[in-house]
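A.B. asks: Input structure: my_file.csv, which contains CSV, C-alpha atoms.
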chain,number,residue,atom,x,y,z
A,1,MET,CA,51.0,138.5,146.4
A,2,SER,CA,52.9,139.7,149.4
A,3,ARG,CA,54.3,143.2,149.3
A,4,ARG,CA,56.5,145.0,151.8
A,5,LYS,CA,58.4,148.2,151.2
A,6,SER,CA,62.0,148.6,152.2
A,7,SER,CA,64.5,151.4,151.9
A,8,GLY,CA,67.3,151.2,149.4
A,9,LYS,CA,69.8,151.0,152.3
A,10,GLY,CA,68.0,148.1,154.0
A,11,ARG,CA,67.0,145.8,151.1
A,12,ARG,CA,68.9,142.8,152.6
A,13,ALA,CA,67.0,143.1,155.8
A,14,LEU,CA,63.8,141.7,154.3
A,15,LEU,CA,60.9,140.2,156.2
A,16,ALA,CA,62.3,141.3,159.5
A,17,ILE,CA,60.4,139.9,162.4
A,18,GLY,CA,61.7,140.7,166.0
A,19,GLY,CA,65.0,141.9,164.6
A,20,THR,CA,65.7,138.8,162.4
A,21,ALA,CA,65.4,138.2,158.7
A,22,ALA,CA,65.5,135.2,156.3
A,23,VAL,CA,68.5,135.3,154.0
A,24,ALA,CA,68.8,133.0,151.0
A,25,VAL,CA,72.1,131.3,150.7
A,26,VAL,CA,72.8,129.4,147.4
A,27,VAL,CA,74.4,126.0,147.3
A,28,ALA,CA,76.5,125.0,144.2
A,29,GLY,CA,74.4,123.1,141.7
A,30,ALA,CA,71.6,124.2,139.4
A,31,ALA,CA,68.9,122.2,141.1
A,32,SER,CA,69.5,122.8,144.9
A,33,PHE,CA,69.7,125.5,147.4
A,34,GLU,CA,69.1,125.9,151.1
A,35,VAL,CA,68.0,128.8,153.3
A,36,LEU,CA,69.7,129.8,156.5
A,37,GLU,CA,68.2,132.0,159.2
A,38,GLY,CA,70.6,135.0,160.0
A,39,HIS,CA,70.3,137.9,162.4
A,40,VAL,CA,70.3,141.2,160.6
A,41,GLU,CA,69.9,144.6,162.2
A,42,THR,CA,67.1,146.3,160.2
A,43,ALA,CA,68.1,149.8,161.2
A,44,ALA,CA,71.7,149.5,159.9
A,45,PRO,CA,72.3,150.8,156.4
A,46,SER,CA,73.8,148.5,153.7
A,47,VAL,CA,77.4,149.1,153.0
A,48,SER,CA,76.6,148.8,149.3
A,49,PRO,CA,73.4,148.1,147.3
A,50,PRO,CA,72.8,144.4,146.6
A,51,ALA,CA,73.6,142.7,143.3
A,52,THR,CA,70.7,142.8,140.9
A,53,ALA,CA,69.4,140.5,138.1
A,54,GLU,CA,66.7,140.7,135.5
A,55,VAL,CA,63.6,138.6,135.3
A,56,THR,CA,63.7,136.9,131.9
A,57,ARG,CA,61.2,134.9,129.8
A,58,LYS,CA,62.6,131.8,128.1
A,59,THR,CA,62.0,128.1,127.5
A,60,MET,CA,63.4,125.9,130.3
A,61,GLU,CA,64.6,122.3,129.6
A,62,ARG,CA,65.8,119.9,132.3
A,63,TRP,CA,68.1,117.2,130.9
A,64,ILE,CA,69.3,114.1,132.8
A,65,THR,CA,72.7,113.0,131.7
A,66,VAL,CA,74.0,109.6,132.7
A,67,SER,CA,76.9,107.4,131.6
A,68,GLY,CA,77.4,103.7,130.8
A,69,ALA,CA,78.8,101.2,128.4
A,70,ALA,CA,77.7,98.7,125.7
A,71,THR,CA,76.4,95.4,126.8
A,72,TYR,CA,75.4,92.2,124.9
A,73,GLY,CA,73.5,90.7,127.7
A,74,ARG,CA,74.3,87.9,130.1
A,75,ALA,CA,77.0,85.4,128.9
A,76,GLN,CA,76.0,81.8,128.8
A,77,PRO,CA,78.0,78.6,128.0
A,78,LEU,CA,77.9,77.1,124.5
A,79,THR,CA,77.9,73.4,125.4
A,80,GLY,CA,79.3,70.7,123.2
A,81,HIS,CA,80.6,67.1,123.4
A,82,ALA,CA,83.9,67.2,121.5
A,83,GLU,CA,86.7,65.1,123.0
A,84,GLY,CA,90.4,65.6,122.4
A,85,THR,CA,92.9,68.5,122.5
A,86,VAL,CA,91.8,72.0,121.7
A,87,THR,CA,93.8,73.2,118.7
A,88,TRP,CA,91.9,76.5,117.8
A,89,LEU,CA,89.3,78.8,119.3
A,90,PRO,CA,87.9,82.1,118.1
A,91,ALA,CA,88.8,85.4,119.8
A,92,PRO,CA,86.4,87.1,122.2
A,93,GLY,CA,84.2,89.5,120.2
A,94,THR,CA,83.9,87.1,117.2
A,95,VAL,CA,80.3,86.7,115.9
A,96,LEU,CA,79.4,83.1,115.1
A,97,ARG,CA,76.6,82.3,112.6
A,98,ARG,CA,75.2,79.1,111.2
A,99,GLY,CA,77.9,77.0,109.6
A,100,ASP,CA,80.8,78.8,111.3
A,101,VAL,CA,83.6,76.8,113.0
A,102,LEU,CA,83.5,77.6,116.7
A,103,ALA,CA,86.4,75.4,117.7
A,104,ARG,CA,88.9,72.8,116.4
A,105,VAL,CA,89.5,69.8,118.5
A,106,ASP,CA,92.3,67.4,117.4
A,107,ASP,CA,92.2,69.8,114.4
A,108,ARG,CA,88.6,68.6,113.6
A,109,PRO,CA,86.1,71.4,113.1
A,110,VAL,CA,83.2,71.9,115.5
A,111,VAL,CA,80.4,73.8,113.7
A,112,LEU,CA,77.6,76.0,115.0
A,113,LEU,CA,74.1,75.2,113.7
A,114,TYR,CA,70.7,76.6,114.7
A,115,SER,CA,68.2,74.7,116.8
A,116,GLU,CA,66.7,74.7,120.3
A,117,LEU,CA,67.2,70.9,120.5
A,118,PRO,CA,70.7,70.0,121.6
A,119,ALA,CA,72.9,67.3,119.9
A,120,TYR,CA,72.8,64.1,121.9
A,121,ARG,CA,73.8,61.2,119.6
A,122,GLU,CA,75.6,60.3,116.4
A,123,LEU,CA,73.7,60.8,113.2
A,124,ALA,CA,74.1,58.3,110.4
A,125,LEU,CA,72.3,56.5,107.6
A,126,ASP,CA,68.7,55.4,108.4
A,127,ILE,CA,68.6,57.2,111.8
A,128,LYS,CA,65.2,58.8,112.4
A,129,GLY,CA,64.1,61.5,114.8
A,130,GLU,CA,63.4,65.2,115.4
A,131,ASP,CA,67.2,65.8,115.8
A,132,VAL,CA,67.6,64.5,112.2
A,133,LYS,CA,65.0,66.9,111.0
A,134,GLU,CA,66.8,69.8,112.8
A,135,PHE,CA,70.1,68.8,111.3
A,136,THR,CA,68.9,68.3,107.7
A,137,THR,CA,67.1,71.7,107.9
A,138,ASN,CA,70.4,73.3,108.8
A,139,LEU,CA,72.3,71.5,106.1
A,140,SER,CA,69.8,72.6,103.5
A,141,ALA,CA,70.0,76.2,104.8
A,142,LEU,CA,73.8,76.1,104.2
A,143,GLY,CA,73.1,75.4,100.5
A,144,TYR,CA,73.6,71.6,100.3
A,145,GLY,CA,70.9,69.8,98.3
A,146,GLY,CA,70.1,66.4,96.9
A,147,PHE,CA,67.7,65.5,99.6
A,148,THR,CA,64.5,66.7,101.2
A,149,PRO,CA,64.8,67.9,104.8
A,150,GLY,CA,63.0,65.6,107.1
A,151,ASP,CA,63.3,63.3,110.1
A,152,THR,CA,65.1,60.5,108.2
A,153,TYR,CA,68.9,60.3,107.5
A,154,THR,CA,68.7,59.2,103.9
A,155,ALA,CA,71.4,58.3,101.4
A,156,GLY,CA,70.9,61.8,99.9
A,157,VAL,CA,71.6,63.4,103.3
A,158,GLU,CA,74.7,61.2,103.7
A,159,ALA,CA,76.1,62.3,100.3
A,160,ALA,CA,75.4,66.0,101.1
A,161,VAL,CA,77.2,65.6,104.5
A,162,LYS,CA,80.3,64.2,102.7
A,163,ARG,CA,80.3,67.3,100.4
A,164,TRP,CA,80.0,69.5,103.5
A,165,GLN,CA,82.8,67.7,105.3
A,166,LYS,CA,85.1,68.1,102.3
A,167,ALA,CA,84.4,71.9,102.3
A,168,LEU,CA,85.2,72.0,106.0
A,169,GLY,CA,88.4,70.0,105.6
A,170,ALA,CA,87.0,67.2,107.8
A,171,PRO,CA,87.1,63.5,107.2
A,172,GLU,CA,84.5,62.6,104.6
A,173,THR,CA,82.6,60.0,106.6
A,174,GLY,CA,79.1,60.9,105.8
A,175,ARG,CA,78.3,60.7,109.6
A,176,ILE,CA,77.9,63.4,112.2
A,177,VAL,CA,79.7,62.2,115.3
A,178,LEU,CA,78.5,63.6,118.7
A,179,GLY,CA,80.7,66.7,119.2
A,180,ASP,CA,80.9,67.6,115.5
A,181,VAL,CA,78.1,70.2,115.8
A,182,VAL,CA,76.9,72.5,118.6
A,183,TYR,CA,73.4,74.0,118.4
A,184,ALA,CA,72.2,77.5,119.5
A,185,ASP,CA,69.0,79.3,118.8
A,186,GLY,CA,70.7,81.9,116.7
A,187,ALA,CA,73.9,83.8,116.0
A,188,ARG,CA,76.2,84.2,119.0
A,189,ARG,CA,79.0,86.6,120.0
A,190,VAL,CA,82.0,85.1,121.8
A,191,ALA,CA,82.3,86.6,125.3
A,192,ALA,CA,85.2,84.4,126.5
A,193,ARG,CA,87.1,81.2,125.9
A,194,GLY,CA,86.2,78.4,128.2
A,195,ALA,CA,89.2,76.3,127.4
A,196,ALA,CA,92.9,76.9,126.6
A,197,ILE,CA,94.4,76.0,123.3
A,198,GLY,CA,96.5,72.9,123.8
A,199,ALA,CA,94.4,71.8,126.8
A,200,ALA,CA,91.8,69.0,126.8
A,201,ALA,CA,88.4,69.9,125.5
A,202,VAL,CA,85.7,70.7,128.0
A,203,SER,CA,82.0,70.8,127.5
A,204,GLU,CA,81.9,74.6,127.7
A,205,LEU,CA,84.4,75.6,125.1
A,206,LEU,CA,83.0,79.1,124.9
A,207,THR,CA,80.8,81.5,126.7
A,208,VAL,CA,78.6,83.6,124.4
A,209,THR,CA,76.0,86.4,124.3
A,210,GLY,CA,73.6,87.8,121.8
A,211,THR,CA,74.9,89.8,118.9
A,212,THR,CA,72.9,93.0,119.2
A,213,PRO,CA,74.5,95.6,121.5
A,214,LYS,CA,72.5,97.6,124.0
A,215,ALA,CA,73.5,100.3,126.4
A,216,LYS,CA,73.7,99.7,130.2
A,217,LEU,CA,73.4,103.1,132.0
A,218,THR,CA,73.7,103.9,135.7
A,219,ILE,CA,71.4,106.5,137.1
A,220,SER,CA,71.2,108.2,140.5
A,221,GLU,CA,68.3,108.0,142.9
A,222,ALA,CA,67.6,111.7,142.1
A,223,ASP,CA,67.0,110.9,138.4
A,224,SER,CA,64.7,107.9,139.0
A,225,GLU,CA,62.2,109.1,136.4
A,226,LEU,CA,64.6,107.6,133.9
A,227,ALA,CA,64.2,104.1,135.5
A,228,VAL,CA,60.9,103.3,133.8
A,229,LYS,CA,60.5,100.8,131.0
A,230,GLY,CA,59.5,102.5,127.7
A,231,VAL,CA,61.2,105.8,128.5
A,232,ARG,CA,62.9,107.2,125.4
A,233,LEU,CA,66.2,109.0,125.4
A,234,LYS,CA,69.3,109.6,123.2
A,235,VAL,CA,72.6,107.7,123.5
A,236,TYR,CA,75.9,109.2,122.4
A,237,THR,CA,79.3,107.7,121.9
A,238,ALA,CA,82.5,109.5,122.8
A,239,GLY,CA,83.1,110.0,119.1
A,240,GLY,CA,79.9,112.0,118.7
A,241,ARG,CA,77.7,109.3,117.1
A,242,SER,CA,74.2,109.1,118.5
A,243,THR,CA,71.0,107.1,118.2
A,244,ASP,CA,67.5,107.0,119.7
A,245,ALA,CA,67.1,104.5,122.6
A,246,THR,CA,64.4,103.0,124.7
A,247,VAL,CA,64.6,101.6,128.3
A,248,VAL,CA,63.9,97.9,128.1
A,249,SER,CA,64.8,96.7,131.6
A,250,VAL,CA,65.4,98.3,135.0
A,251,GLY,CA,67.7,96.8,137.7
A,252,ALA,CA,67.1,96.7,141.4
A,253,PRO,CA,68.5,99.6,143.5
A,254,ARG,CA,72.0,99.1,144.6
A,255,THR,CA,74.8,101.0,146.3
A,256,GLY,CA,77.1,102.7,143.8
A,257,ASP,CA,80.9,103.0,144.0
A,258,SER,CA,80.6,106.4,145.8
A,259,GLY,CA,78.1,105.0,148.4
A,260,GLU,CA,75.1,106.6,146.7
A,261,ASN,CA,71.9,104.8,145.7
A,262,VAL,CA,71.8,104.0,142.0
A,263,GLN,CA,70.0,101.8,139.5
A,264,ASP,CA,71.2,100.2,136.2
A,265,VAL,CA,68.9,100.4,133.2
A,266,THR,CA,69.4,98.6,129.9
A,267,VAL,CA,68.3,100.5,126.8
A,268,SER,CA,67.8,99.1,123.3
A,269,LEU,CA,69.4,101.2,120.5
A,270,ALA,CA,67.5,102.2,117.3
A,271,ASP,CA,70.8,102.0,115.4
A,272,PRO,CA,73.1,99.5,117.2
A,273,SER,CA,75.9,100.1,114.6
A,274,VAL,CA,76.7,103.4,116.3
A,275,VAL,CA,78.3,101.4,119.2
A,276,THR,CA,80.6,99.3,117.0
A,277,ALA,CA,81.2,102.2,114.5
A,278,GLY,CA,82.5,99.9,111.8
A,279,THR,CA,85.4,98.7,114.0
A,280,GLY,CA,83.8,95.4,115.1
A,281,ARG,CA,84.4,96.4,118.7
A,282,GLU,CA,82.0,98.3,121.0
A,283,ALA,CA,82.6,101.9,121.8
A,284,GLY,CA,84.0,103.0,125.2
A,285,THR,CA,81.9,105.1,127.5
A,286,LEU,CA,78.4,105.9,126.4
A,287,THR,CA,76.3,108.9,127.5
A,288,GLY,CA,72.6,108.9,127.8
A,289,ARG,CA,70.6,112.2,127.7
A,290,TYR,CA,66.9,112.3,128.7
A,291,LEU,CA,64.6,115.3,128.5
A,292,ALA,CA,63.0,115.2,132.0
A,293,GLY,CA,61.0,118.5,131.6
A,294,ARG,CA,60.4,121.3,129.1
A,295,HIS,CA,58.4,124.4,130.1
A,296,GLU,CA,58.0,127.0,127.3
A,297,ASN,CA,57.8,130.8,127.7
A,298,VAL,CA,58.2,131.0,131.5
A,299,LEU,CA,59.7,133.6,133.8
A,300,THR,CA,63.1,132.9,135.3
A,301,VAL,CA,65.5,134.4,137.8
A,302,PRO,CA,69.0,133.4,138.9
A,303,VAL,CA,68.8,130.9,141.8
A,304,PRO,CA,70.6,133.4,144.2
A,305,ALA,CA,67.6,135.8,143.8
A,306,LEU,CA,65.4,133.4,145.8
A,307,LEU,CA,64.4,134.4,149.3
A,308,ALA,CA,62.9,132.2,152.1
A,309,LEU,CA,59.7,133.8,153.3
A,310,SER,CA,59.2,133.8,157.1
A,311,GLY,CA,55.8,132.2,156.7
A,312,GLY,CA,57.1,129.5,154.3
A,313,GLY,CA,57.7,129.3,150.6
A,314,HIS,CA,59.9,131.6,148.5
A,315,GLY,CA,59.9,135.0,147.1
A,316,VAL,CA,62.0,137.5,145.2
A,317,GLU,CA,62.8,141.1,146.0
A,318,VAL,CA,61.6,143.3,143.2
A,319,LEU,CA,63.3,146.7,142.9
A,320,ASP,CA,60.8,149.5,142.3
A,321,GLY,CA,63.2,152.0,140.8
A,322,ASP,CA,62.7,154.7,143.4
A,323,GLY,CA,65.2,153.4,146.0
A,324,ARG,CA,62.5,151.1,147.4
A,325,SER,CA,61.5,147.5,146.8
A,326,HIS,CA,58.9,144.9,147.6
A,327,VAL,CA,58.8,141.1,147.9
A,328,VAL,CA,56.8,139.0,145.5
A,329,ALA,CA,55.9,135.5,146.6
A,330,VAL,CA,56.7,133.0,143.9
A,331,ARG,CA,56.1,129.4,142.9
A,332,LEU,CA,59.1,127.5,141.7
A,333,GLY,CA,59.4,125.3,138.6
A,334,LEU,CA,62.4,123.9,136.8
A,335,PHE,CA,66.0,124.6,137.9
A,336,VAL,CA,68.4,124.7,134.9
A,337,ASP,CA,71.9,126.1,134.5
A,338,GLY,CA,71.8,128.4,137.6
A,339,ARG,CA,68.3,129.8,136.9
A,340,VAL,CA,64.9,128.8,138.2
A,341,GLU,CA,61.4,129.1,136.8
A,342,VAL,CA,59.2,131.3,138.9
A,343,SER,CA,55.6,132.6,138.7
A,344,GLY,CA,53.9,135.2,140.9
A,345,ASP,CA,51.3,137.9,140.8
A,346,GLY,CA,52.8,141.2,139.5
A,347,LEU,CA,56.1,139.7,138.3
A,348,ALA,CA,57.0,140.4,134.7
A,349,ALA,CA,59.9,140.0,132.3
A,350,GLY,CA,62.3,142.9,132.6
A,351,ASP,CA,61.8,143.4,136.4
A,352,LYS,CA,64.9,143.9,138.4
A,353,VAL,CA,65.3,141.7,141.4
A,354,GLY,CA,67.9,141.6,144.2
A,355,ALA,CA,70.3,138.7,144.1
A,356,ALA,CA,72.9,137.5,146.7
A,357,ARG,CA,76.5,138.3,145.9
Kindly present the structure from the file in C-alpha cells form.
C.D. replies:
Amino acid sequence: MSRRKSSGKGRRALLAIGGTAAVAVVVAGAASFEVLEGHVETAAPSVSPPATAEVTRKTMERWITVSGAATYGRAQPLTGHAEGTVTWLPAPGTVLRRGDVLARVDDRPVVLLYSELPAYRELALDIKGEDVKEFTTNLSALGYGGFTPGDTYTAGVEAAVKRWQKALGAPETGRIVLGDVVYADGARRVAARGAAIGAAAVSELLTVTGTTPKAKLTISEADSELAVKGVRLKVYTAGGRSTDATVVSVGAPRTGDSGENVQDVTVSLADPSVVTAGTGREAGTLTGRYLAGRHENVLTVPVPALLALSGGGHGVEVLDGDGRSHVVAVRLGLFVDGRVEVSGDGLAAGDKVGAAR
C-alpha cells in the first residue's frame, strides 16, 4: 500500500514530483479511460474541494451485447429435370416436405421426395435398381401400399403410382418420367425462385436452405471471447421472446461496415420457434447477450476516481476525514456501468474517495 498525506486544499495535486502530478481523465464508456500528465502547482490551494464518491461492495457482471439476424444457412439449388413452361412455383419462405409439390411445369406437378441419390432416369414396370428402392421407400412413406418397397418396379408399385398420380391431379400413367420428382436429403425451405412463372423450366427451379433457423451475430474484436465454439449465451427477439443459444461456427475476421474488425458467429437456438413466433416468417433484428464475467462481493469505485500512479499502475485518493487524504494503490477488475472493481490494502466499503468532476 502506498500512502502520502496531502492537505485538503491540495488533494488534486497528488503524487507531485518536480512540480508535476498525474491527473486521471475519464473517457466516455464503461470499460475505458486514459491518463494524461498535467502540470499542477502543489503550493496553490484548490478553488473548491474535489468531488467525492463512496467505495461500495457489490456483484459485478460484464455482459457482451451483440446484434444479428436469423439465418437458415447457405442456399443451394434444388436441381430437377422437368421440361416445359413453368406454371407455378412456391413463394420464398415456404417449407417443402416429402410429397409436397415444389413446382408445376406445363401444369404437371413436380414433387419433392427424400433421398441422397438423384433422379436420373424414367421408372416403369420391371425396372430394377437402387433408385427404384429409394422411390418405393418414399411412396410407402407417403401412405401408398399394395407392394413391398424394394429395388424392383413391380405391378403393385405401378398400381400405387397411379393412385398417387390421381391424388396429385397428374396423368395416371403408372410411370415416373424423369423430371416428375426431385430428391433432397430432407425438408427444405425455399430461399428464392430460380425461374420465372411463364418462362421455360431450368434445372435449378428453386434455391433452398435447411428449415431450422439459427442466429448469425456480428461481434467486435474487443468481444472476441464470444467467438468460440461451444460458448453459451441468450438470444432475444425485438418482441421480447428469448431462448438459450450455443455458438456452433465462427467466421474469419473481416472489416465491418464502420471499418472495425469484426467476426460473424452462428449460434444454434434451443427453441427455434422464438424466431418465427408463429408467423411463419423469421424475426427482424436479434440480440445476443453473453455473460463475459461475474465477480461477487467486490469493492467498486466510479471510474473517475482512478488515478495514474507516477511509478505505474493505479490508485484512489482516500479521504481521511480530517482534511487530509492518502493514496491507496489498487488492482483493477471488471468495468461495468461507469464503475470499476478495485482491490487494495486498507481499502474498505464505505470509504470516501476523491473523484474527478
A.B. asks: Mind checking which residues fall within 8 Å of Thr152 of chain A, counting only C-alpha atoms, ignoring those fewer than 6 positions away in the same chain, and posting them as an mmCIF file with C-alpha atoms, in the coordinates of the input?
C.D. replies:
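Saved the output as part_35.cif:
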data_model
loop_
_atom_site.group_PDB
_atom_site.id
_atom_site.type_symbol
_atom_site.label_atom_id
_atom_site.label_comp_id
_atom_site.auth_asym_id
_atom_site.auth_seq_id
_atom_site.Cartn_x
_atom_site.Cartn_y
_atom_site.Cartn_z
ATOM 1 C CA ASP A 126 68.700 55.400 108.400
ATOM 2 C CA ILE A 127 68.600 57.200 111.800
ATOM 3 C CA LYS A 128 65.200 58.800 112.400
ATOM 4 C CA GLY A 129 64.100 61.500 114.800
ATOM 5 C CA VAL A 132 67.600 64.500 112.200
ATOM 6 C CA LYS A 133 65.000 66.900 111.000
#
A.B. asks: Just the number, please: distance in Å from atom CA of Ala308 of chain A to atom CA of Glu296 of chain A, one decimal.
C.D. replies: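 According to the coordinates, atom CA of Ala308 of chain A and atom CA of Glu296 of chain A are separated by 25.8 Å.
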A.B. asks: Report as CSV: every residue of segment 47-86 of chain A with an atom at most 10 Å from segment 236-254 of chain A, its closest pair of atoms, and their distance in Å to one decimal, counting all atoms listed in the file, with rows sorted by chain and ascending residue number.
C.D. replies:
residue,atom,partner,partner_atom,distance
A:Ser67,CA,A:Tyr236,CA,9.4
A:Gly68,CA,A:Thr237,CA,9.9
A:Ala69,CA,A:Thr237,CA,9.2
A:Ala70,CA,A:Thr237,CA,9.9
A.B. asks: Which one of A:Leu125, A:Leu206, A:Val110, A:Leu96 sits closest to Gln165 of chain A if you count all atoms listed in the file?
C.D. replies: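 Checking each candidate against Gln165 of chain A, we get A:Val110 as the closest.
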A.B. asks: Counting only C-alpha atoms, figure out which residue out of A:Ala305, A:Ile219, A:Val327, A:Thr137 gets nearest to Thr287 of chain A.
C.D. replies: A:Ile219
A.B. asks: Against segment 259-272 of chain A, which residues of segment 209-229 of chain A fall within 8 Å? For each one I want the closest pair of atoms and the distance in Å (one decimal), counting only C-alpha atoms, rows by chain and increasing residue number, as CSV.
C.D. replies:
residue,atom,partner,partner_atom,distance
A:Thr212,CA,A:Pro272,CA,6.8
A:Pro213,CA,A:Pro272,CA,6.0
A:Lys214,CA,A:Ser268,CA,5.0
A:Ala215,CA,A:Val267,CA,5.2
A:Lys216,CA,A:Thr266,CA,4.4
A:Leu217,CA,A:Val265,CA,5.4
A:Thr218,CA,A:Asp264,CA,4.5
A:Ile219,CA,A:Gln263,CA,5.5
A:Ser220,CA,A:Val262,CA,4.5
A:Glu221,CA,A:Val262,CA,5.4
A:Ala227,CA,A:Val265,CA,6.4
A.B. asks: At what distance in Å, to one decimal, does atom CA of Ser140 of chain A lie from atom CA of Val95 of chain A?
C.D. replies: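 Computed distance, atom CA of Val95 of chain A to atom CA of Ser140 of chain A, equals 21.5 Å.
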A.B. asks: What's around Trp164 of chain A at 12 Å? Count all atoms listed in the file, leave out sequence neighbours fewer than 6 positions away in its own chain, and write the answer as a list in words.
C.D. replies: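 Counting all atoms listed in the file, the residues come to Gly99, Pro109, Val111, Thr136, Asn138, Leu139, Ser140, Leu142, Gly143, Tyr144, Gly145, Val157, Glu158, Ala170, Pro171, Glu172, Thr173, Gly174, Arg175 and Ile176 of chain A.
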A.B. asks: Figure out the distance between atom CA of Tyr114 of chain A and atom CA of Ala141 of chain A, please, to one decimal in Å.
C.D. replies: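 Going from atom CA of Ala141 of chain A over to atom CA of Tyr114 of chain A, I get 9.9 Å.
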A.B. asks: I need segment 164-180 of chain A from the structure I supplied, saved as a PDB file, in the first residue's frame with N, CA, C and O atoms retained.
C.D. replies:
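New file result_14.pdb:
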ATOM      1  N   TRP A 164     -51.390 -42.505 -56.650  1.00  0.00           N
ATOM      2  CA  TRP A 164     -50.677 -41.286 -56.228  1.00  0.00           C
ATOM      3  C   TRP A 164     -50.846 -40.184 -57.278  1.00  0.00           C
ATOM      4  O   TRP A 164     -51.130 -39.028 -56.949  1.00  0.00           O
ATOM      5  N   GLN A 165     -50.704 -40.547 -58.531  1.00  0.00           N
ATOM      6  CA  GLN A 165     -50.856 -39.560 -59.602  1.00  0.00           C
ATOM      7  C   GLN A 165     -52.264 -38.982 -59.636  1.00  0.00           C
ATOM      8  O   GLN A 165     -52.452 -37.782 -59.868  1.00  0.00           O
ATOM      9  N   LYS A 166     -53.254 -39.823 -59.387  1.00  0.00           N
ATOM     10  CA  LYS A 166     -54.631 -39.335 -59.355  1.00  0.00           C
ATOM     11  C   LYS A 166     -54.804 -38.309 -58.228  1.00  0.00           C
ATOM     12  O   LYS A 166     -55.447 -37.262 -58.416  1.00  0.00           O
ATOM     13  N   ALA A 167     -54.222 -38.600 -57.066  1.00  0.00           N
ATOM     14  CA  ALA A 167     -54.325 -37.664 -55.941  1.00  0.00           C
ATOM     15  C   ALA A 167     -53.628 -36.342 -56.250  1.00  0.00           C
ATOM     16  O   ALA A 167     -54.059 -35.276 -55.779  1.00  0.00           O
ATOM     17  N   LEU A 168     -52.569 -36.384 -57.053  1.00  0.00           N
ATOM     18  CA  LEU A 168     -51.830 -35.173 -57.409  1.00  0.00           C
ATOM     19  C   LEU A 168     -52.497 -34.397 -58.549  1.00  0.00           C
ATOM     20  O   LEU A 168     -52.116 -33.246 -58.816  1.00  0.00           O
ATOM     21  N   GLY A 169     -53.432 -35.022 -59.224  1.00  0.00           N
ATOM     22  CA  GLY A 169     -54.033 -34.381 -60.393  1.00  0.00           C
ATOM     23  C   GLY A 169     -53.159 -34.502 -61.621  1.00  0.00           C
ATOM     24  O   GLY A 169     -53.247 -33.683 -62.553  1.00  0.00           O
ATOM     25  N   ALA A 170     -52.310 -35.520 -61.641  1.00  0.00           N
ATOM     26  CA  ALA A 170     -51.411 -35.763 -62.766  1.00  0.00           C
ATOM     27  C   ALA A 170     -51.955 -36.905 -63.628  1.00  0.00           C
ATOM     28  O   ALA A 170     -52.781 -37.702 -63.165  1.00  0.00           O
ATOM     29  N   PRO A 171     -51.511 -37.001 -64.864  1.00  0.00           N
ATOM     30  CA  PRO A 171     -51.926 -38.126 -65.706  1.00  0.00           C
ATOM     31  C   PRO A 171     -51.591 -39.465 -65.054  1.00  0.00           C
ATOM     32  O   PRO A 171     -50.487 -39.648 -64.534  1.00  0.00           O
ATOM     33  N   GLU A 172     -52.531 -40.405 -65.063  1.00  0.00           N
ATOM     34  CA  GLU A 172     -52.370 -41.680 -64.369  1.00  0.00           C
ATOM     35  C   GLU A 172     -51.699 -42.698 -65.281  1.00  0.00           C
ATOM     36  O   GLU A 172     -52.306 -43.638 -65.785  1.00  0.00           O
ATOM     37  N   THR A 173     -50.381 -42.503 -65.452  1.00  0.00           N
ATOM     38  CA  THR A 173     -49.637 -43.359 -66.369  1.00  0.00           C
ATOM     39  C   THR A 173     -49.029 -44.576 -65.677  1.00  0.00           C
ATOM     40  O   THR A 173     -48.692 -45.565 -66.341  1.00  0.00           O
ATOM     41  N   GLY A 174     -48.814 -44.478 -64.379  1.00  0.00           N
ATOM     42  CA  GLY A 174     -48.139 -45.559 -63.664  1.00  0.00           C
ATOM     43  C   GLY A 174     -46.626 -45.505 -63.814  1.00  0.00           C
ATOM     44  O   GLY A 174     -45.914 -46.338 -63.250  1.00  0.00           O
ATOM     45  N   ARG A 175     -46.115 -44.541 -64.555  1.00  0.00           N
ATOM     46  CA  ARG A 175     -44.667 -44.375 -64.744  1.00  0.00           C
ATOM     47  C   ARG A 175     -44.226 -43.063 -64.098  1.00  0.00           C
ATOM     48  O   ARG A 175     -45.012 -42.134 -63.948  1.00  0.00           O
ATOM     49  N   ILE A 176     -42.946 -42.996 -63.755  1.00  0.00           N
ATOM     50  CA  ILE A 176     -42.347 -41.769 -63.232  1.00  0.00           C
ATOM     51  C   ILE A 176     -41.365 -41.263 -64.270  1.00  0.00           C
ATOM     52  O   ILE A 176     -40.252 -41.786 -64.437  1.00  0.00           O
ATOM     53  N   VAL A 177     -41.813 -40.254 -65.010  1.00  0.00           N
ATOM     54  CA  VAL A 177     -40.963 -39.665 -66.047  1.00  0.00           C
ATOM     55  C   VAL A 177     -39.858 -38.849 -65.385  1.00  0.00           C
ATOM     56  O   VAL A 177     -40.063 -38.231 -64.325  1.00  0.00           O
ATOM     57  N   LEU A 178     -38.652 -38.829 -65.985  1.00  0.00           N
ATOM     58  CA  LEU A 178     -37.561 -38.011 -65.461  1.00  0.00           C
ATOM     59  C   LEU A 178     -38.008 -36.554 -65.421  1.00  0.00           C
ATOM     60  O   LEU A 178     -38.402 -35.989 -66.435  1.00  0.00           O
ATOM     61  N   GLY A 179     -37.993 -35.982 -64.240  1.00  0.00           N
ATOM     62  CA  GLY A 179     -38.489 -34.621 -64.042  1.00  0.00           C
ATOM     63  C   GLY A 179     -39.735 -34.576 -63.183  1.00  0.00           C
ATOM     64  O   GLY A 179     -40.097 -33.517 -62.659  1.00  0.00           O
ATOM     65  N   ASP A 180     -40.401 -35.736 -62.990  1.00  0.00           N
ATOM     66  CA  ASP A 180     -41.612 -35.768 -62.150  1.00  0.00           C
ATOM     67  C   ASP A 180     -41.287 -35.587 -60.671  1.00  0.00           C
ATOM     68  O   ASP A 180     -42.110 -35.085 -59.906  1.00  0.00           O
TER      69      ASP A 180
END
